[in-house]
Structures are given as C-alpha cells and as structure tokens.
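Novice: Contents of run22.txt (compact mmCIF, C-alpha atoms) are below:
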```txt
# COMPACT_ATOMS: atom_id res chain seq x y z
CA MET A 1 23.84 168.82 134.65
CA VAL A 2 25.34 168.01 131.26
CA GLU A 3 26.27 170.80 128.88
CA ALA A 4 24.95 169.44 125.60
CA THR A 5 27.22 171.32 123.19
CA GLU A 6 30.37 169.99 124.90
CA PHE A 7 29.18 166.39 124.64
CA PRO A 8 27.56 166.17 121.20
CA HIS A 9 27.69 162.37 121.15
CA LEU A 10 25.49 162.27 124.27
CA ALA A 11 23.18 165.02 122.99
CA ASN A 12 22.79 162.90 119.89
CA LYS A 13 22.29 159.66 121.81
CA TYR A 14 19.56 161.17 124.01
CA GLU A 15 18.01 163.14 121.15
CA VAL A 16 18.49 166.52 122.77
CA TYR A 17 16.83 168.93 120.33
CA GLY A 18 15.45 171.29 122.97
CA VAL A 19 16.69 172.13 126.45
CA PRO A 20 16.36 171.43 129.24
CA ARG A 21 15.94 167.75 128.52
CA THR A 22 15.86 165.39 131.48
CA VAL A 23 16.86 161.77 131.02
CA ILE A 24 16.04 159.28 133.76
CA ASN A 25 17.83 155.91 133.70
CA GLU A 26 18.44 156.08 129.94
CA THR A 27 14.79 155.43 129.07
CA ILE A 28 12.54 158.18 130.44
CA HIS A 29 12.68 161.60 128.81
CA VAL A 30 11.15 164.89 129.87
CA GLU A 31 11.50 167.88 127.60
CA GLY A 32 11.21 171.41 128.93
CA ALA A 33 10.80 172.52 132.51
CA ALA A 34 10.15 169.67 134.90
CA PRO A 35 8.26 170.89 137.97
CA GLU A 36 8.74 168.77 141.09
CA PRO A 37 5.44 166.79 141.02
CA MET A 38 5.88 166.04 137.32
CA LEU A 39 9.44 164.86 137.80
CA VAL A 40 8.31 162.63 140.68
CA ASN A 41 5.63 161.10 138.44
CA GLU A 42 8.26 160.33 135.82
CA LEU A 43 10.65 158.99 138.46
CA MET A 44 8.04 156.58 139.73
CA LYS A 45 7.92 154.99 136.27
CA VAL A 46 11.27 153.34 137.00
CA LEU A 47 9.41 151.19 139.52
CA ASP A 48 7.28 149.77 136.71
CA VAL A 49 10.13 148.45 134.59
CA MET B 1 42.21 188.03 133.69
CA PRO B 2 39.64 186.64 136.14
CA LEU B 3 36.46 185.10 134.78
CA LEU B 4 34.39 186.66 137.53
CA ASN B 5 34.38 190.44 137.66
CA ASP B 6 34.13 192.44 140.90
CA LYS B 7 30.35 192.70 140.74
CA ILE B 8 29.84 188.96 140.25
CA GLN B 9 32.43 188.15 142.92
CA LYS B 10 30.42 190.24 145.34
CA GLU B 11 27.20 188.44 144.42
CA VAL B 12 28.85 185.02 144.72
CA ARG B 13 30.29 185.92 148.13
CA LYS B 14 26.80 186.91 149.26
CA ALA B 15 25.17 183.75 147.89
CA LEU B 16 27.79 181.54 149.54
CA GLN B 17 27.11 183.16 152.92
CA ASN B 18 24.00 180.96 152.95
CA MET B 19 26.17 177.84 153.15
CA ALA B 20 25.54 175.78 156.29
CA GLY B 21 28.65 173.61 156.20
CA PRO B 22 31.80 172.82 154.23
CA VAL B 23 31.56 171.78 150.59
CA LYS B 24 34.28 170.35 148.38
CA LEU B 25 34.29 170.86 144.62
CA VAL B 26 36.02 167.84 143.14
CA MET B 27 37.05 168.87 139.65
CA PHE B 28 38.26 166.54 136.91
CA THR B 29 40.38 167.85 134.06
CA GLN B 30 43.51 166.88 132.20
CA SER B 31 45.99 169.08 134.04
CA SER B 32 49.09 166.98 133.53
CA ASN B 33 48.60 167.18 129.80
CA ALA B 34 49.84 170.28 128.03
CA LEU B 35 46.71 170.08 125.91
CA GLU B 36 44.17 170.70 128.67
CA CYS B 37 40.89 170.99 126.80
CA GLU B 38 39.71 174.55 126.46
CA MET B 39 36.55 174.10 128.51
CA CYS B 40 38.49 172.04 131.08
CA ALA B 41 40.91 174.91 131.67
CA GLU B 42 38.08 177.41 131.90
CA THR B 43 36.02 175.24 134.23
CA ARG B 44 39.03 174.70 136.49
CA ALA B 45 39.71 178.46 136.61
CA LEU B 46 36.04 179.06 137.38
CA VAL B 47 35.82 176.64 140.32
CA GLU B 48 39.11 177.95 141.71
CA GLU B 49 37.82 181.51 141.55
CA VAL B 50 34.51 180.56 143.15
CA ALA B 51 36.16 178.55 145.93
CA ALA B 52 38.33 181.53 146.85
CA LEU B 53 35.18 183.45 147.73
CA SER B 54 34.13 181.31 150.70
CA ASP B 55 36.04 179.77 153.60
CA GLN B 56 33.55 176.91 153.54
CA LEU B 57 34.40 175.97 149.98
CA SER B 58 37.43 173.98 148.83
CA VAL B 59 38.63 172.60 145.50
CA GLU B 60 40.30 169.34 144.68
CA VAL B 61 41.60 169.08 141.10
CA HIS B 62 42.20 165.66 139.60
CA ASP B 63 43.56 164.51 136.32
CA PHE B 64 40.93 162.35 134.68
CA LEU B 65 43.46 159.85 133.33
CA ASP B 66 46.17 159.90 136.00
CA ASP B 67 43.65 159.75 138.86
CA LYS B 68 41.45 157.10 137.29
CA ALA B 69 40.63 155.51 140.65
CA VAL B 70 39.29 158.80 141.98
CA ALA B 71 37.25 159.36 138.82
CA GLU B 72 35.77 155.90 139.26
CA GLN B 73 35.04 156.57 142.91
CA TYR B 74 32.97 159.61 141.88
CA GLN B 75 31.61 157.76 138.84
CA VAL B 76 32.88 160.52 136.58
CA ASP B 77 33.06 159.37 132.96
CA LYS B 78 33.72 162.59 131.03
CA ILE B 79 35.40 165.96 131.50
CA PRO B 80 35.27 168.72 132.51
CA ALA B 81 33.41 167.42 135.55
CA ILE B 82 32.62 168.88 138.95
CA ALA B 83 31.35 166.77 141.85
CA ILE B 84 29.72 168.85 144.60
CA VAL B 85 30.40 167.02 147.84
CA GLY B 86 29.16 168.01 151.28
CA ALA B 87 28.86 166.02 154.52
CA LYS B 88 28.37 163.16 152.10
CA ASP B 89 28.34 162.68 148.35
CA TYR B 90 24.76 163.22 147.21
CA GLY B 91 25.69 162.40 143.62
CA VAL B 92 25.48 165.95 142.28
CA ARG B 93 27.60 166.39 139.15
CA PHE B 94 28.17 169.11 136.58
CA TYR B 95 29.61 168.07 133.21
CA GLY B 96 30.82 170.88 131.00
CA ILE B 97 31.31 174.46 132.03
CA PRO B 98 28.58 175.90 134.29
CA SER B 99 28.25 179.23 132.50
CA GLY B 100 25.33 181.59 132.04
CA TYR B 101 22.21 180.41 133.83
CA GLU B 102 23.98 177.23 134.92
CA PHE B 103 26.35 179.32 137.02
CA SER B 104 23.34 180.15 139.22
CA SER B 105 22.49 176.45 139.32
CA LEU B 106 26.02 175.75 140.55
CA MET B 107 25.68 178.35 143.32
CA ASP B 108 22.26 176.96 144.33
CA ASP B 109 23.57 173.40 144.36
CA ILE B 110 26.58 174.33 146.50
CA VAL B 111 24.29 175.93 149.09
CA THR B 112 21.82 173.01 148.97
CA VAL B 113 24.60 170.42 149.38
CA SER B 114 26.08 172.42 152.30
CA LYS B 115 22.75 172.14 154.11
CA GLY B 116 22.36 168.41 153.48
CA GLU B 117 18.69 169.14 152.88
CA SER B 118 17.15 168.91 149.43
CA GLY B 119 14.28 171.26 150.14
CA LEU B 120 11.90 168.88 148.35
CA SER B 121 8.32 168.54 149.54
CA ALA B 122 7.27 165.86 152.02
CA ALA B 123 5.25 164.19 149.23
CA THR B 124 8.32 164.01 146.98
CA LYS B 125 10.48 162.62 149.76
CA ALA B 126 7.89 159.94 150.55
CA ALA B 127 7.67 158.99 146.87
CA VAL B 128 11.41 158.74 146.22
CA ALA B 129 11.85 156.75 149.43
CA LYS B 130 10.09 153.93 147.56
CA LEU B 131 12.94 153.68 145.07
CA ALA B 132 14.97 150.60 145.90
CA GLN B 133 17.69 151.10 143.29
CA PRO B 134 19.85 154.14 142.51
CA VAL B 135 18.34 156.27 139.74
CA HIS B 136 20.43 158.21 137.25
CA ILE B 137 19.01 161.63 136.35
CA GLN B 138 20.70 163.69 133.63
CA VAL B 139 19.58 167.20 132.73
CA TYR B 140 20.89 168.41 129.38
CA VAL B 141 21.29 172.14 129.01
CA THR B 142 23.00 174.57 126.66
CA PRO B 143 24.87 177.73 127.64
CA THR B 144 22.69 180.84 127.67
```
In structure tokens, what does this structure look like?
Specialist:
Amino acid sequence: MVEATEFPHLANKYEVYGVPRTVINETIHVEGAAPEPMLVNELMKVLDV
Amino acid sequence: MPLLNDKIQKEVRKALQNMAGPVKLVMFTQSSNALECEMCAETRALVEEVAALSDQLSVEVHDFLDDKAVAEQYQVDKIPAIAIVGAKDYGVRFYGIPSGYEFSSLMDDIVTVSKGESGLSAATKAAVAKLAQPVHIQVYVTPT
C-alpha cells in the first residue's frame, strides 16, 4: 500500500488520478477495484514482456 | 492522547485474536532527528498502540537513515514505512499512514501474515506459481 498524498512524486509518476490504482512492475496499471481473477490476468502479462 | 479510542481498541483486540502466530511490525521513521516527519510520528504512534493490543504482535522501530542496512534488507525506500513480517517476510509493506479504510487493511494483513496463508484461490496460486521473477505490486490509495 502506498498513500498517494504523502508521496506526490510517485502519484505523479504513476499517474494516480483515481484510487485505488494498482501498478505492477512499473508498466501495468489497473484503476479501480481489482478482483482476484482480474489481478491474476494482469499479473500474467509480466510473463509476456 | 491516544490515536485509538476505547471502542477501536476493543475492536482491534478482537480482530487480532484471529492471529495464528507472531507478527513483527518493522517500522521506519526518522526518530533520531528532532524533525520526525509529521506522518512518521503519527504512524509510529499508531503501530505502537496497535502492537500493545496483542501479545502476538511486536514493533521494531528503525531510523531510515541511521539504519540504512536494515532499510535495504527490507527494501524500504521511503518513509513512513511498515513491513509486516511473520514466519517469513512475504514482502507486505505499507507506505504512509494506514488511516481510515487502510487501517482495516492493516489489521487484515497482520492476521493474514500471521497465518502464513494468503487465502487466494487454487487457480490464483497455480497461476502465480508460473512467475519466475519477483513481481512488484503497488496499490495507491488515499485516506478516506
């Protein structure tokens, strides 16, 4: 967990305009609630890069 | 004045009764500096108050600059930071104060870490087992 308002430089870097915003390995972003199967789908994308 | 009132203390005590083993909250602040950042001081007070509510919970406070080696060991790169460590370090970190809804997340994570069991589905576990490299997941939130 990262509290966006305390780390504005990171919120800016990861373009956090809405919360929650999930960032996986710097490149994959999920905005809003991330249910388990959806998060797994996104996680599996790291295998493709 | 305590951050947690009597009612919340009671709720926290109850939630922490679900712990299945010891958990250590490794907190990083700037305690040796007279200018401890406001949220650092509050976060430290919060974890100390929470830890007092369960025999299974302990706190270790480190100075981010003076204890650089420890910060590196936990891969902590900003403060305030809390590492939730159980039988092993599962990599769970909180950066910034866990207030509002995130306080519940902190309680849930402490209990989960104490069990050493993620509670994820068999399908999820099978999928993540395919990951060969460590993956960094950050969830940005704002206080509510």
Novice: For Leu10 of chain A, which residue out of B:Val141, B:Leu53, B:Met107, B:Met1 is the nearest one, using all atoms listed in the file?
Specialist: B:Val141
Novice: Could you please select, counting all atoms listed in the file, the residues of chain A within 9 Å of chain B and state them as a PyMOL selection string?
Specialist: chain A and resi 1-7+11+16+18-26+36-37+40-41+43-44+46-47
Novice: Counting only C-alpha atoms, figure out which residue out of B:Asn5, B:Thr112, B:Ser31, B:Ser118 gets nearest to Thr43 of chain B.
Specialist: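 Smallest distance to Thr43 of chain B is found for B:Ser31.
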Novice: Between B:Cys37, B:Val12, B:Leu25, B:Ile110, which has the minimum distance to Val61 of chain B (counting all atoms listed in the file)?
Specialist: B:Leu25
Novice: What does the distance from atom CA of Lys45 of chain A to atom CA of Ala122 of chain B come to in Å, to one decimal?
Specialist: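 The value is 19.1 Å.
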Novice: Go ahead and compute the interatomic distance for atom CA of Pro35 of chain A and atom CA of Asp109 of chain B, in Å to one decimal.
Specialist: 16.8 Å
Novice: For a quick check of understanding, using all atoms listed in the file, which of B:Asp77, B:Gln17, B:Asp6, B:Ala87 has the smallest distance to Glu117 of chain B?
Specialist: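 Smallest separation from Glu117 of chain B among the options: B:Ala87.
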Novice: So how far away is atom CA of Val47 of chain B from atom CA of Asp89 of chain B, in Å?
Specialist: 17.8 Å
Novice: Extract, using all atoms listed in the file, all DNA, RNA and protein residues at most 10 Å from Asp108 of chain B, discarding same-chain residues fewer than 5 positions from it, and format them as a compact mmCIF listing (two decimals) with C-alpha atoms, in the coordinates of the input.
Specialist:
```txt
# COMPACT_ATOMS: atom_id res chain seq x y z
CA ALA B 15 25.17 183.75 147.89
CA LEU B 16 27.79 181.54 149.54
CA ASN B 18 24.00 180.96 152.95
CA MET B 19 26.17 177.84 153.15
CA GLU B 102 23.98 177.23 134.92
CA PHE B 103 26.35 179.32 137.02
CA VAL B 113 24.60 170.42 149.38
CA SER B 114 26.08 172.42 152.30
```
